[in-house]
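Asker: Sending over a structure as structure tokens; questions will come in a sec.
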Amino acid sequence: MSILPQLIANSLIAAGTYALLAIGFNLIYGATKFFNLAHGVMAAVGGYTVFFLTTTFAQMNVVVAAAIGVLVAATIGWGLDRVVYRALRKRHASNMVLLVASLGAFTVIQAAIAMIFTSQFQTLSSVASEQVFQVAGASITETQIIIMLSAILVFALLWIFLKTTMFGKQVRAVSDDEEVARIAGVNTEKVLGWIFFIGSAIAGLGGILIGFDTGIQPTMGMELLLKGVIAAIVGGVGSISGAILGALLLGFAENFGIWKISGEWKDAIAFGLLILFLIFRPKGIIKS
Amino acid sequence: MSKTQKIVWWTLGAVVVVGLVAWGVFRNSGSSNVIKIGSIEPLTGGAAVYGQPVQDTIELAVAQINAAGGINGKQVQMIYEDGKCDGTDGANAAQKLVNVDGVQAIIGGFCSGETIPAVPIAAAGKVVMLSPGASSPALTGISPYFFRDYPSDAFQATVMGNIAYNQKGWRTVAVMEEQTDYGTALTNAFSKSFEGYGGKVIVQAFPSATADLRSFLTTLKAQQPDALFIVTQTPAVSDDLFDQLIQLGWRPPLLIGDIISGDPAIIQKYSSQLEGAIGATFLPNASDTAYEAFINAYQAKYGGVPPYQNYMACVFDAVNLLAAGIKQVGYDGAALATWSRTVSNWPGASGNITIGSDGDRAGGDVPIVIHGAQVVPYVAQ
Amino acid sequence: MAYLIHLAILISIYAILGLSLNLVVGYTGLLSMAQAAFYGVGAYATALLMVNMGWNFFAAALFGMALTAVVAFIIGMVMSKFDGDYYALASLGLGVIIYSIFLNWQGLTNGPLGIPGIPRPNLFGFAFFDNLSFLLLSAFFVLLTYLASRFIVNSSFGRILKAVREDEKAIQVFGYKTLNYKLTIFVIGAMMAAFAGSLYAAYITYIDPSTFSVNGSIFIIAIIILGGLASLRGSLIGAVFLVLLPEFLRFVGFPDEIAAQMRQAVYGLLLILLMLYRPQGLVGEYKL
């Protein structure tokens, strides 16, 4: 049936989008064991930084703007940890406290973006239509290919980084058991700071690419966060490769669900998937 | 601190709070040689793109009236409340205008969502409501205290159903429905009309926060409909939808809702995709002198033509129509409500206005088509 | 004066919601983010029965509570497998699913069009048509809810709940079937929220799905966290504070567009500050 290639392509594109959010989320969860809801708004931060740069400095190279956007998102994520989460961790605050605090952070940052840039929808790409490729009977744009490639690339780089470098070993040590890692001499606070930095950077990148694909608005963080959380948990809490798997599962479930069940239930399908996994396999596909 | 001190502080705090709120609320009580008219529109939130120009247009009309001496010698003062296109806020706004500010008339709401809950509140307070933009069919005949100078969406749907089935000969129409009160009402009305003729309607509905519409479109495309009806309200959604239509390489014959046809930015940006798209909208006669005068005055005051001109012309007329009513029967809600049903062929910038016994503006939408990034009347071939 | 009455009615409705959620979150330690869903079930049941079948408000509200009890029982059973932040996420997901039902099941709920024209309550011929009488009615029910809540928390049942919150495993050792206790309080809380929904529907005379989304649940959580968990007075104080907050901001004179975002920013900031410096809220007894 001719619809299949396009549906598969749509699923993969969606999976790429979700993966970019889920990877960072799982990285942070793996190390801190709490659900950082503020993760979603880092995507908006990235997107809006690029928007600000490209509209204020017309000659700025898009790639440079994107790099700065990623850095800004990373810094804000790191700053949030430094200012808020670290203090809570010192107090041995429960996960629920951190969750509520992260919810507060999400709300504040989103409101700040809306105040500075207005709630208007904006597109990042300056061309009304970009190049569309035909691949195996499906249409994909350049940006969408970049999204999918970025997800794979980020995953690969992160995986290698975590497996081979000294820092990666420290990250895994902290993820396994923070107390023990500290006793073993790892500067856990510094490692955690870097984890927030990297995780938020990836989210920022996601927001920028999504901005090029479907535009930005201050509230974009919530939707991305929710889908990213579903992908992250379903794939395997705390697992980077789980994030990719979860994103794929979610992407396919949603898009094929639109085809078979009426599209208006798309969100219910996504959350239904979450509930199913929470009931039957709460650690996700990949138990880390 | 001791228990007594705590109690004292809490009581003090409570008194201060109540006092502040009461003061903030009561400082609006004004003098009686102005006519205070209320207004509800979305001043913040996603629909502010409409609400802001609505407020500007009202300001323009009021400035003109006041410059000419006001109504019966009294100056007009508008009190604006933010309805946010939302039911609770619309109800809150109506509560404040009716019970605190004591207005006798309200121009608003603009969205149906903020208007529907406000009507019973206005009616209870014997305040007349004139909406310049709420088009939900649910507002027809809702209350003797409500009338509107913008036509109901039911007209739009009937016109398009007729063209689609009888003139274009389409038998299956796919609909992309954004789940807002506007989108759902219009889709339902169109389905009723088109299916009434014997046609088939397939719908894909989605909430406003959806950015990825590809699979919705792909699914509809696979069913090979004769045409695609796009019923979206949020600019973000419209933009993404057209973008993705282009990406998927799908160029079906298009039907479009009046919010899209009233948005010059979208028409400009996607002029190629929209070429030949058919809609039905309330289209003021562009060569009408009153209409031109309004556009020119707006441009002179604000430095640019108004957006969503078909709506803004009705907003402009609403103010002047209400002023005419006040001149005739005095500033009293009940009297104005009765008077509203007698409005017949009142000349406005948006054309001649006649209000039916159900409060609806008689005569509605005309079919239009997009040609060369312009909205022009549709001529049957 | 009339506007103050209007605000007082809103405060009453949110006070009941706050009390209902505090029983579940503050006293039992279950961070439920689905309360707005039960609020909605009560509102829709009442609205539909009154508008379509001409039922009396009190009968419709009772039916609404009964229906919500059934729904809450089912959801509570599903949720019984989770705790801590997993509980929060699962409840979030279920809340989204119920919201989707409100939005998509057009044949029943009218979807985004909502249900207008809900009549005011009528008791033996006395119609609570003017706001002052409605305020007295809702204040009466706040009192009722408060007394019922106080009865529950001071009883031996309430002591078990607090024990569950502090250390569920320990109390299970003593032979208490904690599942039954958690389920019961969850259903009770849901029924109270449903009644708040009935009041809301009859007051505003119009309902649509947007009031009962995840954001609604987050608002109720903010009320009880601010007011103080495990404090009934706290729920009342939280409701007063958060309902009046936008009025303050409007009074301070922010431009409209900024004011709406400012309100969100203040919520978020409050959540962060509370978690950092006063997790027990204004007058609470339980730190998350």
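Labels used: A, B, ... for chains in the order of the structure tokens, numbers from 1 for residues in each chain, and numbers from 1 for ligands as shown.
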Got a sec to pull out which chain A residues are within 6 Å of chain C, counting only C-alpha atoms, and send them as a count of residues only?
Answerer: 11
Asker: List as a ChimeraX atom specification the protein and nucleic acid residues near B:Ala48, meaning an atom at most 12 Å away when only C-alpha atoms are counted, but skip any in the same chain fewer than 2 places from it.
Answerer: /A:118-121 /B:40-46,50-56,82-86,110-111,234-235 /C:256-257,260
Asker: Find the residues in chain B near chain A: any atom within 10 Å counts, using only C-alpha atoms. Write them as a PDB file with N, CA, C and O atoms, in the first residue's frame.
Answerer:
ATOM      1  N   THR B  44      -4.939  38.915  25.697  1.00  0.00           N
ATOM      2  CA  THR B  44      -3.697  38.164  25.864  1.00  0.00           C
ATOM      3  C   THR B  44      -3.948  36.745  25.369  1.00  0.00           C
ATOM      4  O   THR B  44      -5.082  36.349  25.131  1.00  0.00           O
ATOM      5  N   GLY B  45      -2.869  36.001  25.269  1.00  0.00           N
ATOM      6  CA  GLY B  45      -2.996  34.629  24.832  1.00  0.00           C
ATOM      7  C   GLY B  45      -2.925  34.515  23.316  1.00  0.00           C
ATOM      8  O   GLY B  45      -2.690  35.479  22.597  1.00  0.00           O
ATOM      9  N   GLY B  46      -3.130  33.308  22.843  1.00  0.00           N
ATOM     10  CA  GLY B  46      -2.971  33.038  21.411  1.00  0.00           C
ATOM     11  C   GLY B  46      -3.883  33.860  20.531  1.00  0.00           C
ATOM     12  O   GLY B  46      -3.531  34.232  19.418  1.00  0.00           O
ATOM     13  N   ALA B  47      -5.067  34.178  21.034  1.00  0.00           N
ATOM     14  CA  ALA B  47      -6.012  34.904  20.184  1.00  0.00           C
ATOM     15  C   ALA B  47      -5.821  36.409  20.240  1.00  0.00           C
ATOM     16  O   ALA B  47      -6.595  37.156  19.645  1.00  0.00           O
ATOM     17  N   ALA B  48      -4.779  36.840  20.933  1.00  0.00           N
ATOM     18  CA  ALA B  48      -4.549  38.280  21.023  1.00  0.00           C
ATOM     19  C   ALA B  48      -4.265  38.893  19.650  1.00  0.00           C
ATOM     20  O   ALA B  48      -4.405  40.110  19.467  1.00  0.00           O
ATOM     21  N   VAL B  49      -3.882  38.049  18.681  1.00  0.00           N
ATOM     22  CA  VAL B  49      -3.656  38.587  17.336  1.00  0.00           C
ATOM     23  C   VAL B  49      -4.933  39.170  16.765  1.00  0.00           C
ATOM     24  O   VAL B  49      -4.903  40.028  15.881  1.00  0.00           O
ATOM     25  N   GLU B 177      -9.550  19.124  11.027  1.00  0.00           N
ATOM     26  CA  GLU B 177     -10.279  19.926  12.010  1.00  0.00           C
ATOM     27  C   GLU B 177      -9.425  20.195  13.243  1.00  0.00           C
ATOM     28  O   GLU B 177      -9.021  19.278  13.952  1.00  0.00           O
ATOM     29  N   GLU B 178      -9.170  21.461  13.493  1.00  0.00           N
ATOM     30  CA  GLU B 178      -8.502  21.808  14.751  1.00  0.00           C
ATOM     31  C   GLU B 178      -9.568  21.851  15.839  1.00  0.00           C
ATOM     32  O   GLU B 178     -10.601  22.494  15.666  1.00  0.00           O
ATOM     33  N   GLN B 179      -9.305  21.176  16.934  1.00  0.00           N
ATOM     34  CA  GLN B 179     -10.333  21.040  17.969  1.00  0.00           C
ATOM     35  C   GLN B 179     -10.446  22.291  18.840  1.00  0.00           C
ATOM     36  O   GLN B 179      -9.973  22.336  19.966  1.00  0.00           O
ATOM     37  N   VAL B 203     -13.107  12.937   8.571  1.00  0.00           N
ATOM     38  CA  VAL B 203     -12.510  13.975   9.416  1.00  0.00           C
ATOM     39  C   VAL B 203     -11.297  13.454  10.162  1.00  0.00           C
ATOM     40  O   VAL B 203     -11.289  12.338  10.659  1.00  0.00           O
ATOM     41  N   GLN B 204     -10.246  14.273  10.216  1.00  0.00           N
ATOM     42  CA  GLN B 204      -9.146  14.035  11.143  1.00  0.00           C
ATOM     43  C   GLN B 204      -9.092  15.248  12.067  1.00  0.00           C
ATOM     44  O   GLN B 204      -8.919  16.372  11.612  1.00  0.00           O
ATOM     45  N   ALA B 205      -9.272  14.987  13.361  1.00  0.00           N
ATOM     46  CA  ALA B 205      -9.288  16.088  14.326  1.00  0.00           C
ATOM     47  C   ALA B 205      -8.057  16.020  15.223  1.00  0.00           C
ATOM     48  O   ALA B 205      -7.539  14.944  15.496  1.00  0.00           O
ATOM     49  N   PHE B 206      -7.588  17.172  15.689  1.00  0.00           N
ATOM     50  CA  PHE B 206      -6.382  17.214  16.507  1.00  0.00           C
ATOM     51  C   PHE B 206      -6.436  18.450  17.392  1.00  0.00           C
ATOM     52  O   PHE B 206      -7.032  19.460  17.023  1.00  0.00           O
ATOM     53  N   PRO B 207      -5.803  18.381  18.570  1.00  0.00           N
ATOM     54  CA  PRO B 207      -5.793  19.548  19.453  1.00  0.00           C
ATOM     55  C   PRO B 207      -4.855  20.640  18.946  1.00  0.00           C
ATOM     56  O   PRO B 207      -3.979  20.385  18.112  1.00  0.00           O
ATOM     57  N   ALA B 209      -2.356  22.108  20.136  1.00  0.00           N
ATOM     58  CA  ALA B 209      -0.925  22.071  20.429  1.00  0.00           C
ATOM     59  C   ALA B 209      -0.158  21.180  19.474  1.00  0.00           C
ATOM     60  O   ALA B 209       1.042  21.010  19.607  1.00  0.00           O
ATOM     61  N   THR B 210      -0.833  20.601  18.491  1.00  0.00           N
ATOM     62  CA  THR B 210      -0.178  19.654  17.590  1.00  0.00           C
ATOM     63  C   THR B 210       0.625  20.366  16.528  1.00  0.00           C
ATOM     64  O   THR B 210       0.124  21.227  15.822  1.00  0.00           O
ATOM     65  N   ALA B 211       1.907  20.008  16.408  1.00  0.00           N
ATOM     66  CA  ALA B 211       2.743  20.609  15.368  1.00  0.00           C
ATOM     67  C   ALA B 211       2.990  19.632  14.222  1.00  0.00           C
ATOM     68  O   ALA B 211       3.253  20.046  13.099  1.00  0.00           O
ATOM     69  N   ASP B 212       2.906  18.331  14.525  1.00  0.00           N
ATOM     70  CA  ASP B 212       3.210  17.330  13.508  1.00  0.00           C
ATOM     71  C   ASP B 212       1.916  16.789  12.945  1.00  0.00           C
ATOM     72  O   ASP B 212       1.281  15.920  13.535  1.00  0.00           O
ATOM     73  N   LEU B 213       1.539  17.297  11.767  1.00  0.00           N
ATOM     74  CA  LEU B 213       0.269  16.902  11.173  1.00  0.00           C
ATOM     75  C   LEU B 213       0.466  15.940  10.021  1.00  0.00           C
ATOM     76  O   LEU B 213      -0.483  15.599   9.309  1.00  0.00           O
ATOM     77  N   ARG B 214       1.704  15.487   9.829  1.00  0.00           N
ATOM     78  CA  ARG B 214       2.011  14.698   8.640  1.00  0.00           C
ATOM     79  C   ARG B 214       1.173  13.451   8.517  1.00  0.00           C
ATOM     80  O   ARG B 214       0.619  13.154   7.458  1.00  0.00           O
ATOM     81  N   SER B 215       1.042  12.692   9.630  1.00  0.00           N
ATOM     82  CA  SER B 215       0.306  11.438   9.488  1.00  0.00           C
ATOM     83  C   SER B 215      -1.188  11.664   9.343  1.00  0.00           C
ATOM     84  O   SER B 215      -1.874  10.868   8.706  1.00  0.00           O
ATOM     85  N   PHE B 216      -1.676  12.758   9.928  1.00  0.00           N
ATOM     86  CA  PHE B 216      -3.087  13.084   9.713  1.00  0.00           C
ATOM     87  C   PHE B 216      -3.328  13.297   8.225  1.00  0.00           C
ATOM     88  O   PHE B 216      -4.269  12.763   7.632  1.00  0.00           O
ATOM     89  N   LEU B 217      -2.435  14.099   7.600  1.00  0.00           N
ATOM     90  CA  LEU B 217      -2.588  14.404   6.189  1.00  0.00           C
ATOM     91  C   LEU B 217      -2.386  13.158   5.349  1.00  0.00           C
ATOM     92  O   LEU B 217      -3.114  12.920   4.375  1.00  0.00           O
ATOM     93  N   THR B 218      -1.372  12.362   5.735  1.00  0.00           N
ATOM     94  CA  THR B 218      -1.087  11.157   4.952  1.00  0.00           C
ATOM     95  C   THR B 218      -2.292  10.223   4.942  1.00  0.00           C
ATOM     96  O   THR B 218      -2.641   9.647   3.906  1.00  0.00           O
ATOM     97  N   THR B 219      -2.911  10.072   6.108  1.00  0.00           N
ATOM     98  CA  THR B 219      -4.073   9.181   6.203  1.00  0.00           C
ATOM     99  C   THR B 219      -5.222   9.664   5.341  1.00  0.00           C
ATOM    100  O   THR B 219      -5.873   8.882   4.651  1.00  0.00           O
ATOM    101  N   LEU B 220      -5.441  10.979   5.363  1.00  0.00           N
ATOM    102  CA  LEU B 220      -6.520  11.515   4.538  1.00  0.00           C
ATOM    103  C   LEU B 220      -6.190  11.351   3.059  1.00  0.00           C
ATOM    104  O   LEU B 220      -7.043  10.994   2.246  1.00  0.00           O
ATOM    105  N   LYS B 221      -4.928  11.616   2.728  1.00  0.00           N
ATOM    106  CA  LYS B 221      -4.506  11.534   1.325  1.00  0.00           C
ATOM    107  C   LYS B 221      -4.737  10.135   0.783  1.00  0.00           C
ATOM    108  O   LYS B 221      -5.163   9.960  -0.367  1.00  0.00           O
ATOM    109  N   ALA B 222      -4.494   9.136   1.634  1.00  0.00           N
ATOM    110  CA  ALA B 222      -4.611   7.751   1.171  1.00  0.00           C
ATOM    111  C   ALA B 222      -6.051   7.396   0.812  1.00  0.00           C
ATOM    112  O   ALA B 222      -6.286   6.478   0.040  1.00  0.00           O
ATOM    113  N   GLN B 223      -6.989   8.113   1.375  1.00  0.00           N
ATOM    114  CA  GLN B 223      -8.382   7.805   1.070  1.00  0.00           C
ATOM    115  C   GLN B 223      -8.882   8.528  -0.167  1.00  0.00           C
ATOM    116  O   GLN B 223     -10.048   8.447  -0.527  1.00  0.00           O
ATOM    117  N   THR B 234      -5.651  28.430  14.942  1.00  0.00           N
ATOM    118  CA  THR B 234      -4.378  28.935  15.445  1.00  0.00           C
ATOM    119  C   THR B 234      -3.398  29.145  14.294  1.00  0.00           C
ATOM    120  O   THR B 234      -3.202  28.244  13.478  1.00  0.00           O
ATOM    121  N   PRO B 235      -2.758  30.307  14.231  1.00  0.00           N
ATOM    122  CA  PRO B 235      -1.817  30.567  13.130  1.00  0.00           C
ATOM    123  C   PRO B 235      -0.713  29.517  13.050  1.00  0.00           C
ATOM    124  O   PRO B 235      -0.325  29.120  11.950  1.00  0.00           O
ATOM    125  N   ALA B 236      -0.227  29.050  14.214  1.00  0.00           N
ATOM    126  CA  ALA B 236       0.857  28.057  14.206  1.00  0.00           C
ATOM    127  C   ALA B 236       0.406  26.805  13.465  1.00  0.00           C
ATOM    128  O   ALA B 236       1.136  26.232  12.661  1.00  0.00           O
ATOM    129  N   VAL B 237      -0.821  26.391  13.769  1.00  0.00           N
ATOM    130  CA  VAL B 237      -1.332  25.170  13.153  1.00  0.00           C
ATOM    131  C   VAL B 237      -1.512  25.343  11.646  1.00  0.00           C
ATOM    132  O   VAL B 237      -1.148  24.473  10.857  1.00  0.00           O
ATOM    133  N   ASP B 239       0.051  27.357   9.679  1.00  0.00           N
ATOM    134  CA  ASP B 239       1.372  27.417   9.051  1.00  0.00           C
ATOM    135  C   ASP B 239       1.956  26.022   8.880  1.00  0.00           C
ATOM    136  O   ASP B 239       2.393  25.632   7.797  1.00  0.00           O
ATOM    137  N   ASP B 240       1.951  25.251   9.975  1.00  0.00           N
ATOM    138  CA  ASP B 240       2.510  23.901   9.901  1.00  0.00           C
ATOM    139  C   ASP B 240       1.746  23.046   8.899  1.00  0.00           C
ATOM    140  O   ASP B 240       2.326  22.241   8.171  1.00  0.00           O
ATOM    141  N   LEU B 241       0.421  23.213   8.874  1.00  0.00           N
ATOM    142  CA  LEU B 241      -0.389  22.385   7.996  1.00  0.00           C
ATOM    143  C   LEU B 241      -0.020  22.619   6.538  1.00  0.00           C
ATOM    144  O   LEU B 241       0.233  21.675   5.782  1.00  0.00           O
ATOM    145  N   PHE B 242       0.028  23.865   6.139  1.00  0.00           N
ATOM    146  CA  PHE B 242       0.353  24.144   4.742  1.00  0.00           C
ATOM    147  C   PHE B 242       1.774  23.719   4.405  1.00  0.00           C
ATOM    148  O   PHE B 242       2.051  23.163   3.341  1.00  0.00           O
ATOM    149  N   ASP B 243       2.685  23.975   5.330  1.00  0.00           N
ATOM    150  CA  ASP B 243       4.067  23.555   5.150  1.00  0.00           C
ATOM    151  C   ASP B 243       4.132  22.060   4.844  1.00  0.00           C
ATOM    152  O   ASP B 243       4.793  21.611   3.908  1.00  0.00           O
ATOM    153  N   GLN B 244       3.398  21.293   5.660  1.00  0.00           N
ATOM    154  CA  GLN B 244       3.472  19.845   5.523  1.00  0.00           C
ATOM    155  C   GLN B 244       2.705  19.334   4.316  1.00  0.00           C
ATOM    156  O   GLN B 244       3.051  18.316   3.726  1.00  0.00           O
ATOM    157  N   ILE B 246       2.760  20.858   1.506  1.00  0.00           N
ATOM    158  CA  ILE B 246       3.760  21.031   0.455  1.00  0.00           C
ATOM    159  C   ILE B 246       4.777  19.906   0.523  1.00  0.00           C
ATOM    160  O   ILE B 246       5.134  19.304  -0.485  1.00  0.00           O
ATOM    161  N   GLN B 247       5.230  19.593   1.733  1.00  0.00           N
ATOM    162  CA  GLN B 247       6.240  18.549   1.886  1.00  0.00           C
ATOM    163  C   GLN B 247       5.744  17.215   1.364  1.00  0.00           C
ATOM    164  O   GLN B 247       6.481  16.461   0.749  1.00  0.00           O
ATOM    165  N   LEU B 248       4.477  16.932   1.620  1.00  0.00           N
ATOM    166  CA  LEU B 248       3.933  15.646   1.195  1.00  0.00           C
ATOM    167  C   LEU B 248       3.595  15.632  -0.285  1.00  0.00           C
ATOM    168  O   LEU B 248       3.187  14.599  -0.819  1.00  0.00           O
ATOM    169  N   GLY B 249       3.723  16.801  -0.895  1.00  0.00           N
ATOM    170  CA  GLY B 249       3.461  16.847  -2.317  1.00  0.00           C
ATOM    171  C   GLY B 249       2.006  16.616  -2.667  1.00  0.00           C
ATOM    172  O   GLY B 249       1.674  16.070  -3.708  1.00  0.00           O
ATOM    173  N   LYS B 269       2.005  33.920   2.197  1.00  0.00           N
ATOM    174  CA  LYS B 269       3.108  32.970   2.343  1.00  0.00           C
ATOM    175  C   LYS B 269       2.864  31.718   1.516  1.00  0.00           C
ATOM    176  O   LYS B 269       3.790  31.159   0.931  1.00  0.00           O
ATOM    177  N   TYR B 270       1.615  31.262   1.468  1.00  0.00           N
ATOM    178  CA  TYR B 270       1.331  30.026   0.754  1.00  0.00           C
ATOM    179  C   TYR B 270       0.468  30.281  -0.473  1.00  0.00           C
ATOM    180  O   TYR B 270      -0.399  29.476  -0.818  1.00  0.00           O
TER     181      TYR B 270
END
Asker: Would you mind telling me which residue in C:Leu23, C:Leu135, C:Leu249, C:Val214 lies nearest to chain B when using only C-alpha atoms?
Answerer: C:Leu249
Asker: Tell me the residues of chain B close to chain C, meaning within 9 Å using only C-alpha atoms, as a PyMOL selection string.
Answerer: chain B and resi 17-18+20-22+24-26+43-45+48+82+86-88+91-92+95-96+99-100+112-113+116-118+120-121+124+136+138+142+179-185+205+207
Asker: Choose the residue, out of B:Ala227, B:Ala122, B:Ala373, B:Ala174, that has the smallest atom-to-atom separation from B:Val201; count only C-alpha atoms.
Answerer: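 Among B:Ala227, B:Ala122, B:Ala373, B:Ala174, it is B:Ala174 that comes nearest to B:Val201.
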Asker: Taking 4 positions as the minimum chain separation for residues in the same chain, which residues sit within 9 Å of A:Val229 when counting only C-alpha atoms? Answer as a list of chain:residue names.
Answerer: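 Non-adjacent residues within range: A:Tyr18, A:Leu21, A:Ala22, A:Phe25, A:Asn26, A:Phe35, A:Leu37, A:Leu224, A:Leu225, A:Ile233, A:Val234, A:Leu274.
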Asker: Would you put the residues from that selection into a file with N, CA and C atoms, as a PDB file, in the first residue's frame?
Answerer:
ATOM      1  N   TYR A  18      11.592  12.947  19.265  1.00  0.00           N
ATOM      2  CA  TYR A  18      11.433  12.516  20.644  1.00  0.00           C
ATOM      3  C   TYR A  18      12.758  12.055  21.234  1.00  0.00           C
ATOM      4  N   LEU A  21      14.929  14.683  22.768  1.00  0.00           N
ATOM      5  CA  LEU A  21      14.516  15.080  24.109  1.00  0.00           C
ATOM      6  C   LEU A  21      14.755  13.963  25.119  1.00  0.00           C
ATOM      7  N   ALA A  22      14.490  12.733  24.678  1.00  0.00           N
ATOM      8  CA  ALA A  22      14.549  11.616  25.623  1.00  0.00           C
ATOM      9  C   ALA A  22      15.971  11.284  26.046  1.00  0.00           C
ATOM     10  N   PHE A  25      17.011  13.579  28.774  1.00  0.00           N
ATOM     11  CA  PHE A  25      16.185  13.307  29.954  1.00  0.00           C
ATOM     12  C   PHE A  25      16.686  12.063  30.676  1.00  0.00           C
ATOM     13  N   ASN A  26      16.958  11.014  29.904  1.00  0.00           N
ATOM     14  CA  ASN A  26      17.425   9.776  30.520  1.00  0.00           C
ATOM     15  C   ASN A  26      18.820   9.917  31.097  1.00  0.00           C
ATOM     16  N   PHE A  35      12.823  12.989  37.966  1.00  0.00           N
ATOM     17  CA  PHE A  35      12.272  13.406  36.679  1.00  0.00           C
ATOM     18  C   PHE A  35      12.369  14.925  36.562  1.00  0.00           C
ATOM     19  N   LEU A  37      11.438  17.901  35.087  1.00  0.00           N
ATOM     20  CA  LEU A  37      10.441  18.414  34.160  1.00  0.00           C
ATOM     21  C   LEU A  37      10.908  19.673  33.441  1.00  0.00           C
ATOM     22  N   LEU A 224       6.776  18.720  24.034  1.00  0.00           N
ATOM     23  CA  LEU A 224       8.010  17.973  23.789  1.00  0.00           C
ATOM     24  C   LEU A 224       8.430  17.199  25.037  1.00  0.00           C
ATOM     25  N   LEU A 225       8.290  17.849  26.190  1.00  0.00           N
ATOM     26  CA  LEU A 225       8.653  17.194  27.441  1.00  0.00           C
ATOM     27  C   LEU A 225       7.826  15.935  27.647  1.00  0.00           C
ATOM     28  N   ILE A 233      10.853   6.779  29.413  1.00  0.00           N
ATOM     29  CA  ILE A 233      10.452   5.752  30.380  1.00  0.00           C
ATOM     30  C   ILE A 233      10.162   4.433  29.692  1.00  0.00           C
ATOM     31  N   VAL A 234       9.443   4.515  28.586  1.00  0.00           N
ATOM     32  CA  VAL A 234       9.098   3.295  27.860  1.00  0.00           C
ATOM     33  C   VAL A 234      10.355   2.588  27.378  1.00  0.00           C
ATOM     34  N   LEU A 274       2.406   4.734  27.820  1.00  0.00           N
ATOM     35  CA  LEU A 274       3.144   4.969  29.056  1.00  0.00           C
ATOM     36  C   LEU A 274       2.565   4.149  30.197  1.00  0.00           C
TER      37      LEU A 274
END
Asker: Once DSSP has gone over the backbone, tell me which residues of stretch 235-342 of chain B are in alpha helix (DSSP H), as a count of residues only.
Answerer: 71
Asker: Taking 5 positions as the minimum chain separation for residues in the same chain, which residues sit within 10 Å of C:Ser149 when counting only C-alpha atoms? Answer as a PyMOL selection string.
Answerer: chain C and resi 19-20+22-23+143-144+154-155+158+188-189+192+232
Asker: Excluding A:Leu124 and its own-chain neighbours fewer than 6 positions away, which residues fall within 8 Å of it when counting only C-alpha atoms? Please give them as an mmCIF file with C-alpha atoms, in the first residue's frame.
Answerer:
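Resulting contents of result_22.cif:
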data_model
loop_
_atom_site.group_PDB
_atom_site.id
_atom_site.type_symbol
_atom_site.label_atom_id
_atom_site.label_comp_id
_atom_site.auth_asym_id
_atom_site.auth_seq_id
_atom_site.Cartn_x
_atom_site.Cartn_y
_atom_site.Cartn_z
ATOM 1 C CA GLY A 47 14.964 27.580 19.686
ATOM 2 C CA VAL A 50 18.523 31.035 17.534
ATOM 3 C CA PHE A 51 15.455 33.070 16.707
ATOM 4 C CA GLY A 211 12.010 25.030 15.333
ATOM 5 C CA PHE A 212 13.280 24.762 11.802
ATOM 6 C CA GLY A 215 8.335 26.530 14.226
ATOM 7 C CA ILE A 216 8.641 27.747 17.809
#
Asker: Rounded to one decimal, what separation in Å do you get between atom CA of A:Ala231 and atom CA of A:Ser94?
Answerer: 23.9 Å
Asker: Between atom CA of A:Ile76 and atom CA of A:Ala43, what is the spacing in Å?
Answerer: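 Taking atom CA of A:Ala43 and atom CA of A:Ile76, their separation equals 11.1 Å.
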Asker: Excluding A:Phe167 and any residue of its chain fewer than 6 positions from it, enumerate the residues within 12 Å of it, using only C-alpha atoms, and give them as a PyMOL selection string.
Answerer: chain A and resi 158+160-161+173-174+186-188+190-192+194-195
Asker: Near A:Ile113, counting only C-alpha atoms, which residues have an atom at most 7 Å away, once you skip same-chain residues fewer than 4 positions from it, shown as a list of chain:residue names?
Answerer: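 The residues that qualify are A:Ile109, A:Phe117, A:Pro218.
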Asker: Find the distance between atom CA of A:Leu245 and atom CA of A:Leu103 and write it in Å to one decimal.
Answerer: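 If I compute the distance from atom CA of A:Leu245 to atom CA of A:Leu103, I get 26.0 Å.
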Asker: Name the residues of stretch 88-157 of chain B that come out as strand (DSSP E or B) in a backbone DSSP run; write them as a PyMOL selection string.
Answerer: chain B and resi 105-108+128-131+146-148
Asker: In terms of the shortest atom-to-atom distance over only C-alpha atoms, which of C:Val71, C:Ala190, C:Leu161, C:Ile152 is closest to C:Lys177?
Answerer: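 Answer, going by the shortest atom-to-atom distance: C:Leu161.
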Asker: Using only C-alpha atoms, which of the listed residues (B:Val231, B:Leu254, B:Gly325, B:Gly133) sits closest to B:Ala164?
Answerer: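 Nearest candidate to B:Ala164 out of B:Val231, B:Leu254, B:Gly325, B:Gly133: B:Leu254.
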